[in-house]
file input_28.cif (mmCIF, C-alpha atoms and all ligand atoms)
data_model
#
loop_
_atom_site.label_atom_id
_atom_site.label_comp_id
_atom_site.auth_asym_id
_atom_site.auth_seq_id
_atom_site.Cartn_x
_atom_site.Cartn_y
_atom_site.Cartn_z
CA MET A 1 0.00 0.00 0.00
CA ALA A 2 1.37 3.40 -0.92
CA GLU A 3 2.69 5.46 1.94
CA LYS A 4 0.34 8.35 1.17
CA GLU A 5 -2.70 6.03 1.22
CA THR A 6 -1.67 4.56 4.60
CA LYS A 7 -1.27 8.06 5.99
CA ASN A 8 -4.75 9.03 4.77
CA ILE A 9 -6.32 5.94 6.36
CA LEU A 10 -4.56 6.64 9.67
CA GLU A 11 -5.72 10.26 9.62
CA CYS A 12 -9.26 9.12 8.89
CA LEU A 13 -9.17 6.62 11.79
CA HIS A 14 -7.80 9.27 14.11
CA TYR A 15 -10.55 11.69 13.09
CA THR A 16 -13.26 9.01 13.63
CA GLU A 17 -11.83 8.28 17.07
CA GLU A 18 -11.91 12.00 17.98
CA VAL A 19 -15.50 12.37 16.77
CA LEU A 20 -16.64 9.33 18.76
CA GLU A 21 -14.80 10.45 21.89
CA LYS A 22 -16.69 13.76 21.89
CA ALA A 23 -20.07 12.11 21.31
CA VAL A 24 -19.76 9.31 23.90
CA LYS A 25 -20.32 9.79 27.61
CA ASN A 26 -20.72 7.03 30.22
CA ASN A 27 -20.61 4.45 27.44
CA LYS A 28 -23.62 6.02 25.76
CA VAL A 29 -23.62 7.69 22.35
CA ASN A 30 -25.29 11.09 22.18
CA VAL A 31 -26.69 10.99 18.64
CA SER A 32 -27.22 14.74 18.31
CA LYS A 33 -23.62 15.41 19.43
CA LEU A 34 -22.38 12.78 17.00
CA TYR A 35 -24.35 14.41 14.20
CA VAL A 36 -22.92 17.86 15.01
CA GLN A 37 -19.39 16.40 15.15
CA LEU A 38 -19.83 14.72 11.78
CA LEU A 39 -21.00 17.99 10.24
CA ASN A 40 -17.63 19.34 11.36
CA LYS A 41 -18.98 22.87 11.73
CA GLU A 42 -18.66 25.36 14.55
CA ARG A 43 -21.86 26.11 16.46
CA VAL A 44 -22.89 29.69 15.71
CA PRO A 45 -22.87 31.84 18.89
CA PHE A 46 -26.60 32.66 18.71
CA ALA A 47 -27.71 29.02 18.24
CA HIS A 48 -28.89 28.61 21.86
CA VAL A 49 -31.31 31.53 21.58
CA VAL A 50 -32.68 30.36 18.24
CA TRP A 51 -33.10 26.70 19.26
CA CYS A 52 -34.40 27.40 22.79
CA ASN A 53 -36.57 24.44 23.85
CA LEU A 54 -39.55 26.63 24.79
CA THR A 55 -39.77 28.13 21.32
CA LEU A 56 -42.19 26.64 18.81
CA PRO A 57 -40.38 24.83 15.94
CA LYS A 58 -41.94 27.00 13.22
CA HIS A 59 -40.78 30.13 15.10
CA ARG A 60 -37.26 28.68 15.44
CA PHE A 61 -36.99 28.17 11.71
CA ILE A 62 -38.03 31.73 10.80
CA ILE A 63 -35.81 33.44 13.38
CA TRP A 64 -32.90 31.26 12.22
CA GLN A 65 -33.44 32.37 8.63
CA ALA A 66 -33.99 36.00 9.69
CA THR A 67 -30.81 36.09 11.79
CA LEU A 68 -28.77 34.77 8.87
CA GLY A 69 -30.47 37.29 6.54
CA HIS A 70 -31.84 34.47 4.38
CA LEU A 71 -35.55 35.31 4.24
CA LEU A 72 -36.83 36.19 0.77
CA THR A 73 -37.17 39.92 1.38
CA ARG A 74 -37.37 42.11 -1.70
CA ASP A 75 -33.75 43.27 -1.51
CA ASN A 76 -32.64 39.61 -1.50
CA LEU A 77 -34.89 38.84 -4.48
CA VAL A 78 -33.39 41.78 -6.42
CA ARG A 79 -29.93 40.41 -5.59
CA CYS A 80 -31.07 37.15 -7.24
CA HIS A 81 -31.92 39.21 -10.39
CA MET A 82 -35.68 38.84 -9.98
CA GLN A 83 -37.87 41.44 -11.66
CA LEU A 84 -40.30 42.95 -9.11
CA ASN A 85 -43.13 45.43 -9.44
CA SER A 86 -41.97 47.13 -6.27
CA VAL A 87 -39.05 46.93 -3.85
CA MET A 88 -40.93 48.69 -1.06
CA CYS A 89 -41.83 47.08 2.28
CA PRO A 90 -45.20 45.29 1.81
CA THR A 91 -46.19 46.13 5.40
CA CYS A 92 -45.71 49.93 5.46
CA ASP A 93 -44.86 50.82 1.82
CA MET A 94 -42.59 53.58 3.16
CA GLN A 95 -39.06 52.23 2.55
CA GLN A 96 -37.26 49.56 0.56
CA GLU A 97 -37.68 46.16 2.15
CA SER A 98 -34.69 44.50 3.77
CA HIS A 99 -34.17 42.47 6.95
CA GLY A 100 -32.94 45.62 8.67
CA HIS A 101 -36.04 47.54 7.66
CA LEU A 102 -38.58 44.78 8.28
CA PHE A 103 -37.50 43.85 11.81
CA PHE A 104 -36.05 47.15 13.05
CA GLN A 105 -37.01 50.31 11.15
CA CYS A 106 -40.52 49.39 9.96
CA GLN A 107 -43.18 51.29 11.87
CA PHE A 108 -45.14 48.08 12.45
CA SER A 109 -42.13 46.27 13.98
CA GLN A 110 -41.31 49.26 16.14
CA LEU A 111 -44.83 49.27 17.56
CA VAL A 112 -44.67 45.51 18.20
CA ARG A 113 -41.27 45.89 19.87
CA SER A 114 -42.35 48.70 22.19
CA ARG A 115 -45.57 46.86 23.11
CA ILE A 116 -43.57 43.77 24.10
CA ALA A 117 -41.05 45.89 26.00
CA GLU A 118 -43.92 47.37 28.04
CA TRP A 119 -45.28 43.88 28.75
CA LEU A 120 -41.98 42.24 29.74
CA GLY A 121 -40.54 45.31 31.42
CA ASN A 122 -37.46 45.46 29.17
CA ALA A 123 -36.52 45.75 25.52
CA ILE A 124 -36.07 42.31 24.03
CA TRP A 125 -34.18 43.11 20.87
CA PRO A 126 -31.81 45.88 19.77
CA VAL A 127 -32.66 48.60 17.29
CA GLN A 128 -30.25 47.62 14.52
CA PHE A 129 -29.88 44.41 12.53
CA LYS A 130 -26.06 44.45 12.84
CA ASP A 131 -26.36 44.21 16.65
CA TRP A 132 -28.81 41.34 16.60
CA THR A 133 -26.43 38.37 16.57
CA THR A 134 -24.19 39.92 19.25
CA TRP A 135 -27.20 40.54 21.44
CA MET A 136 -28.38 36.95 20.99
CA MET A 137 -25.16 35.33 22.21
CA GLY A 138 -25.22 33.13 25.27
CA LYS A 139 -27.49 30.38 26.44
CA PRO A 140 -30.86 31.45 27.92
CA LYS A 141 -30.86 30.39 31.58
CA GLY A 142 -33.98 30.03 33.67
CA LEU A 143 -37.59 30.51 32.69
CA LYS A 144 -37.42 34.29 32.30
CA GLN A 145 -34.57 34.27 29.77
CA LYS A 146 -36.16 31.39 27.89
CA LEU A 147 -39.42 33.30 27.75
CA VAL A 148 -37.63 36.33 26.30
CA ALA A 149 -35.96 34.11 23.66
CA ALA A 150 -39.30 32.49 22.79
CA VAL A 151 -41.15 35.82 22.63
CA LEU A 152 -38.46 37.23 20.35
CA ALA A 153 -38.77 34.23 18.01
CA ALA A 154 -42.58 34.41 18.03
CA SER A 155 -42.49 38.15 17.29
CA VAL A 156 -40.13 37.68 14.35
CA TYR A 157 -42.37 34.88 13.05
CA LEU A 158 -45.50 37.06 13.34
CA ILE A 159 -43.83 40.08 11.68
CA TRP A 160 -42.77 37.84 8.79
CA TRP A 161 -46.23 36.22 8.62
CA ASN A 162 -47.86 39.67 8.59
CA ARG A 163 -45.48 40.81 5.85
CA ASN A 164 -46.55 37.85 3.68
CA ASN A 165 -50.21 38.47 4.46
CA SER A 166 -49.79 42.13 3.48
CA LEU A 167 -48.10 41.11 0.23
CA PHE A 168 -50.37 38.29 -0.88
CA ASN A 169 -53.71 39.16 0.73
CA LEU A 170 -53.34 42.95 1.05
CA CYS A 171 -54.27 42.64 4.69
CA SER A 172 -52.27 43.57 7.80
CA MET A 173 -52.77 42.57 11.42
CA THR A 174 -53.05 45.17 14.12
CA VAL A 175 -50.36 45.36 16.80
CA ASP A 176 -53.04 44.30 19.31
CA LYS A 177 -53.61 41.11 17.30
CA VAL A 178 -49.87 40.33 17.28
CA PHE A 179 -49.76 40.84 21.02
CA TYR A 180 -52.84 38.65 21.51
CA LEU A 181 -51.26 35.83 19.46
CA LEU A 182 -48.01 36.09 21.41
CA LYS A 183 -49.93 35.57 24.62
CA VAL A 184 -51.86 32.64 23.11
CA TYR A 185 -48.59 30.94 22.11
CA TRP A 186 -47.15 31.52 25.54
CA LYS A 187 -50.15 30.39 27.50
CA ALA A 188 -50.03 27.13 25.53
CA ARG A 189 -46.31 26.67 26.31
CA VAL A 190 -46.74 27.54 29.99
CA ALA A 191 -49.66 25.10 30.30
CA ASN A 192 -47.23 22.26 29.51
CA LEU A 193 -44.81 23.21 32.28
CA SER A 194 -44.87 21.23 35.48
CA ARG A 195 -45.95 23.58 38.30
CA THR A 196 -43.99 21.57 40.86
CA LYS A 197 -40.73 22.17 38.98
CA LEU A 198 -41.18 25.93 38.81
CA GLU A 199 -39.53 28.16 41.40
CA SER A 200 -41.70 30.68 43.23
CA LYS A 201 -39.99 33.59 41.39
CA ASP A 202 -40.97 31.93 38.07
CA LEU A 203 -44.57 31.52 39.18
CA ALA A 204 -44.67 35.18 40.29
CA PHE A 205 -43.19 36.23 36.95
CA LEU A 206 -45.79 34.27 34.98
CA GLU A 207 -48.60 35.70 37.09
CA LYS A 208 -47.29 39.22 36.53
CA LEU A 209 -47.43 38.64 32.76
CA SER A 210 -51.00 37.28 33.06
CA LEU A 211 -49.87 33.93 31.69
CA MET A 212 -51.40 31.84 34.46
ZN ZN B 1 -42.03 48.63 6.58
#
call {"tool": "encode", "arguments": {"input": "input_28.cif", "output": "structure tokens"}}
result
Amino acid sequence: MAEKETKNILECLHYTEEVLEKAVKNNKVNVSKLYVQLLNKERVPFAHVVWCNLTLPKHRFIIWQATLGHLLTRDNLVRCHMQLNSVMCPTCDMQQESHGHLFFQCQFSQLVRSRIAEWLGNAIWPVQFKDWTTWMMGKPKGLKQKLVAAVLAASVYLIWWNRNNSLFNLCSMTVDKVFYLLKVYWKARVANLSRTKLESKDLAFLEKLSLM
């Protein structure tokens, strides 16, 4: 066997051993860890916020796409050389549509954001798209941080849904309706939590938000 081929096989075996070592704990294979290792890609720093376990899967997908700037906003479609009748934001028709406009500068998003800030008692996302990923770093700890992550994801989902409804059905939700839907999502998530596992500060927090 050629020397180069032997070297390649040894490198491959060494790599497999490393991958398995990282995915095995107490003689048990963690399949999700193994999968991530095999992908051989670094976890993005905002992954924990996007894939928070209290967030609905459909919300996770949209916020993931939004954070990466991959939603099919009109500026992205123009970049793909698509001919459009308009490049303006379908929700407000005031400025050209981009991720930055839709989730930060659009009047509708600003109203949604300030309404949520009033409800939760703090702003849950920054005012510029470029700060978003930095702000989302770190793993949400405890119910309150997880709630903030889930509300952020649900808000982004609803803003995107409303944008599509404005574009295809010429119909926009009110901010009150967005807020109502956010609470519906959250009441459903909270209903699945075990009361006995919640700390008293969590219960007080949920009561304060009228989620119980
Ligand atoms: Zn707009």
call {"tool": "atom_distance", "arguments": {"input": "input_28.cif", "atom1": "atom CA of Phe103 of chain A", "atom2": "atom CA of Tyr157 of chain A"}}
result
10.3 Å
call {"tool": "axis_aligned_box", "arguments": {"input": "input_28.cif", "around": "segment 1-10 of chain A", "padding_each_side": "8 Å", "output": "lines of an AutoDock Vina configuration file"}}
result
center_x = -1.8
center_y = 4.5
center_z = 4.4
size_x = 25.0
size_y = 25.0
size_z = 26.6
call {"tool": "closest_residue", "arguments": {"input": "input_28.cif", "among": "A:Met94, A:Leu34, A:Ala191, A:Cys80", "to": "ligand ZN 1 (chain B)", "atoms": "all atoms listed in the file"}}
result
A:Met94
call {"tool": "residues_around", "arguments": {"input": "input_28.cif", "residues": "Gln37 of chain A", "least_positions_apart": "5", "cutoff": "12 Å", "atoms": "all atoms listed in the file", "output": "list in words"}}
result
Tyr15, Thr16, Glu17, Glu18, Val19, Leu20, Glu21, Lys22, Ala23, Val24, Asn30, Val31, Ser32, Glu42 and Arg43 of chain A
call {"tool": "atom_distance", "arguments": {"input": "input_28.cif", "atom1": "atom CA of Met137 of chain A", "atom2": "atom CA of Pro45 of chain A"}}
result
5.3 Å
call {"tool": "closest_residue", "arguments": {"input": "input_28.cif", "among": "A:His14, A:Arg163, A:Lys7, A:Lys144", "to": "Leu198 of chain A", "atoms": "only C-alpha atoms"}}
result
A:Lys144
call {"tool": "residues_around", "arguments": {"input": "input_28.cif", "residues": "segment 168-172 of chain A", "least_positions_apart": "2", "cutoff": "12 Å", "atoms": "all atoms listed in the file", "output": "VMD selection string"}}
result
chain A and resid 90 to 93 108 158 to 166 174 to 178
call {"tool": "residues_around", "arguments": {"input": "input_28.cif", "residues": "Trp186 of chain A", "least_positions_apart": "5", "cutoff": "9 Å", "atoms": "only C-alpha atoms", "output": "PyMOL selection string"}}
result
chain A and resi 147+150-151+181+191+211
call {"tool": "residues_around", "arguments": {"input": "input_28.cif", "residues": "Ala117 of chain A", "least_positions_apart": "2", "cutoff": "12 Å", "atoms": "only C-alpha atoms", "output": "ChimeraX atom specification"}}
result
/A:110-115,119-126,148,151-152,155,179,209
call {"tool": "write_last_selection", "arguments": {"input": "input_28.cif", "atoms": "C-alpha atoms", "output": "PDB file, in the coordinates of the input"}}
result
ATOM      1  CA  GLN A 110     -41.310  49.260  16.140  1.00  0.00           C
ATOM      2  CA  LEU A 111     -44.830  49.270  17.560  1.00  0.00           C
ATOM      3  CA  VAL A 112     -44.670  45.510  18.200  1.00  0.00           C
ATOM      4  CA  ARG A 113     -41.270  45.890  19.870  1.00  0.00           C
ATOM      5  CA  SER A 114     -42.350  48.700  22.190  1.00  0.00           C
ATOM      6  CA  ARG A 115     -45.570  46.860  23.110  1.00  0.00           C
ATOM      7  CA  TRP A 119     -45.280  43.880  28.750  1.00  0.00           C
ATOM      8  CA  LEU A 120     -41.980  42.240  29.740  1.00  0.00           C
ATOM      9  CA  GLY A 121     -40.540  45.310  31.420  1.00  0.00           C
ATOM     10  CA  ASN A 122     -37.460  45.460  29.170  1.00  0.00           C
ATOM     11  CA  ALA A 123     -36.520  45.750  25.520  1.00  0.00           C
ATOM     12  CA  ILE A 124     -36.070  42.310  24.030  1.00  0.00           C
ATOM     13  CA  TRP A 125     -34.180  43.110  20.870  1.00  0.00           C
ATOM     14  CA  PRO A 126     -31.810  45.880  19.770  1.00  0.00           C
ATOM     15  CA  VAL A 148     -37.630  36.330  26.300  1.00  0.00           C
ATOM     16  CA  VAL A 151     -41.150  35.820  22.630  1.00  0.00           C
ATOM     17  CA  LEU A 152     -38.460  37.230  20.350  1.00  0.00           C
ATOM     18  CA  SER A 155     -42.490  38.150  17.290  1.00  0.00           C
ATOM     19  CA  PHE A 179     -49.760  40.840  21.020  1.00  0.00           C
ATOM     20  CA  LEU A 209     -47.430  38.640  32.760  1.00  0.00           C
TER      21      LEU A 209
END
call {"tool": "atom_distance", "arguments": {"input": "input_28.cif", "atom1": "atom CA of Leu71 of chain A", "atom2": "atom CA of Arg189 of chain A"}}
result
26.0 Å
call {"tool": "closest_residue", "arguments": {"input": "input_28.cif", "among": "A:Ser210, A:Gln65, A:Thr73, A:Gln145", "to": "ligand ZN 1 (chain B)", "atoms": "only C-alpha atoms and all ligand atoms"}}
result
A:Thr73
call {"tool": "closest_residue", "arguments": {"input": "input_28.cif", "among": "A:Glu3, A:Asp75, A:Glu97, A:Glu11", "to": "ligand ZN 1 (chain B)", "atoms": "all atoms listed in the file"}}
result
A:Glu97
call {"tool": "closest_residue", "arguments": {"input": "input_28.cif", "among": "A:Tyr35, A:Tyr185, A:Phe205, A:Trp132", "to": "Leu54 of chain A", "atoms": "all atoms listed in the file"}}
result
A:Tyr185
call {"tool": "build_atoms", "arguments": {"input": "input_28.cif", "residues": "segment 93-121 of chain A", "atoms": "N, CA and C atoms", "output": "mmCIF file, in the frame of the given file"}}
result
data_model
loop_
_atom_site.group_PDB
_atom_site.id
_atom_site.type_symbol
_atom_site.label_atom_id
_atom_site.label_comp_id
_atom_site.auth_asym_id
_atom_site.auth_seq_id
_atom_site.Cartn_x
_atom_site.Cartn_y
_atom_site.Cartn_z
ATOM 1 N N ASP A 93 -45.018 50.159 3.123
ATOM 2 C CA ASP A 93 -44.860 50.820 1.820
ATOM 3 C C ASP A 93 -44.140 52.171 1.943
ATOM 4 N N MET A 94 -43.265 52.292 2.930
ATOM 5 C CA MET A 94 -42.590 53.580 3.160
ATOM 6 C C MET A 94 -41.110 53.527 2.742
ATOM 7 N N GLN A 95 -40.482 52.356 2.884
ATOM 8 C CA GLN A 95 -39.060 52.230 2.550
ATOM 9 C C GLN A 95 -38.806 50.910 1.829
ATOM 10 N N GLN A 96 -37.623 50.812 1.236
ATOM 11 C CA GLN A 96 -37.260 49.560 0.560
ATOM 12 C C GLN A 96 -37.177 48.434 1.597
ATOM 13 N N GLU A 97 -37.659 47.264 1.191
ATOM 14 C CA GLU A 97 -37.680 46.160 2.150
ATOM 15 C C GLU A 97 -36.319 45.467 2.244
ATOM 16 N N SER A 98 -35.884 45.283 3.463
ATOM 17 C CA SER A 98 -34.690 44.500 3.770
ATOM 18 C C SER A 98 -34.927 43.893 5.153
ATOM 19 N N HIS A 99 -34.018 43.013 5.597
ATOM 20 C CA HIS A 99 -34.170 42.470 6.950
ATOM 21 C C HIS A 99 -34.078 43.592 7.988
ATOM 22 N N GLY A 100 -33.121 44.507 7.743
ATOM 23 C CA GLY A 100 -32.940 45.620 8.670
ATOM 24 C C GLY A 100 -34.200 46.465 8.777
ATOM 25 N N HIS A 101 -34.818 46.733 7.623
ATOM 26 C CA HIS A 101 -36.040 47.540 7.660
ATOM 27 C C HIS A 101 -37.179 46.762 8.329
ATOM 28 N N LEU A 102 -37.404 45.537 7.839
ATOM 29 C CA LEU A 102 -38.580 44.780 8.280
ATOM 30 C C LEU A 102 -38.629 44.548 9.788
ATOM 31 N N PHE A 103 -37.487 44.216 10.383
ATOM 32 C CA PHE A 103 -37.500 43.850 11.810
ATOM 33 C C PHE A 103 -37.055 44.968 12.738
ATOM 34 N N PHE A 104 -36.575 46.081 12.173
ATOM 35 C CA PHE A 104 -36.050 47.150 13.050
ATOM 36 C C PHE A 104 -36.620 48.531 12.734
ATOM 37 N N GLN A 105 -36.564 48.941 11.454
ATOM 38 C CA GLN A 105 -37.010 50.310 11.150
ATOM 39 C C GLN A 105 -38.492 50.404 10.798
ATOM 40 N N CYS A 106 -39.114 49.339 10.378
ATOM 41 C CA CYS A 106 -40.520 49.390 9.960
ATOM 42 C C CYS A 106 -41.387 49.839 11.146
ATOM 43 N N GLN A 107 -42.318 50.744 10.824
ATOM 44 C CA GLN A 107 -43.180 51.290 11.870
ATOM 45 C C GLN A 107 -43.933 50.177 12.618
ATOM 46 N N PHE A 108 -44.387 49.188 11.858
ATOM 47 C CA PHE A 108 -45.140 48.080 12.450
ATOM 48 C C PHE A 108 -44.276 47.326 13.469
ATOM 49 N N SER A 109 -43.035 47.008 13.079
ATOM 50 C CA SER A 109 -42.130 46.270 13.980
ATOM 51 C C SER A 109 -41.799 47.102 15.218
ATOM 52 N N GLN A 110 -41.634 48.398 15.000
ATOM 53 C CA GLN A 110 -41.310 49.260 16.140
ATOM 54 C C GLN A 110 -42.445 49.273 17.161
ATOM 55 N N LEU A 111 -43.677 49.290 16.640
ATOM 56 C CA LEU A 111 -44.830 49.270 17.560
ATOM 57 C C LEU A 111 -44.915 47.937 18.307
ATOM 58 N N VAL A 112 -44.660 46.846 17.563
ATOM 59 C CA VAL A 112 -44.670 45.510 18.200
ATOM 60 C C VAL A 112 -43.607 45.452 19.280
ATOM 61 N N ARG A 113 -42.403 45.947 18.925
ATOM 62 C CA ARG A 113 -41.270 45.890 19.870
ATOM 63 C C ARG A 113 -41.555 46.693 21.132
ATOM 64 N N SER A 114 -42.121 47.901 20.972
ATOM 65 C CA SER A 114 -42.350 48.700 22.190
ATOM 66 C C SER A 114 -43.491 48.114 23.023
ATOM 67 N N ARG A 115 -44.469 47.484 22.356
ATOM 68 C CA ARG A 115 -45.570 46.860 23.110
ATOM 69 C C ARG A 115 -45.043 45.686 23.958
ATOM 70 N N ILE A 116 -44.144 44.910 23.367
ATOM 71 C CA ILE A 116 -43.570 43.770 24.100
ATOM 72 C C ILE A 116 -42.676 44.260 25.236
ATOM 73 N N ALA A 117 -41.931 45.335 24.957
ATOM 74 C CA ALA A 117 -41.050 45.890 26.000
ATOM 75 C C ALA A 117 -41.868 46.347 27.208
ATOM 76 N N GLU A 118 -43.028 46.944 26.939
ATOM 77 C CA GLU A 118 -43.920 47.370 28.040
ATOM 78 C C GLU A 118 -44.384 46.153 28.841
ATOM 79 N N TRP A 119 -44.729 45.098 28.114
ATOM 80 C CA TRP A 119 -45.280 43.880 28.750
ATOM 81 C C TRP A 119 -44.224 43.173 29.608
ATOM 82 N N LEU A 120 -43.023 42.986 29.023
ATOM 83 C CA LEU A 120 -41.980 42.240 29.740
ATOM 84 C C LEU A 120 -41.168 43.106 30.702
ATOM 85 N N GLY A 121 -41.276 44.410 30.530
ATOM 86 C CA GLY A 121 -40.540 45.310 31.420
ATOM 87 C C GLY A 121 -39.146 45.613 30.926
#
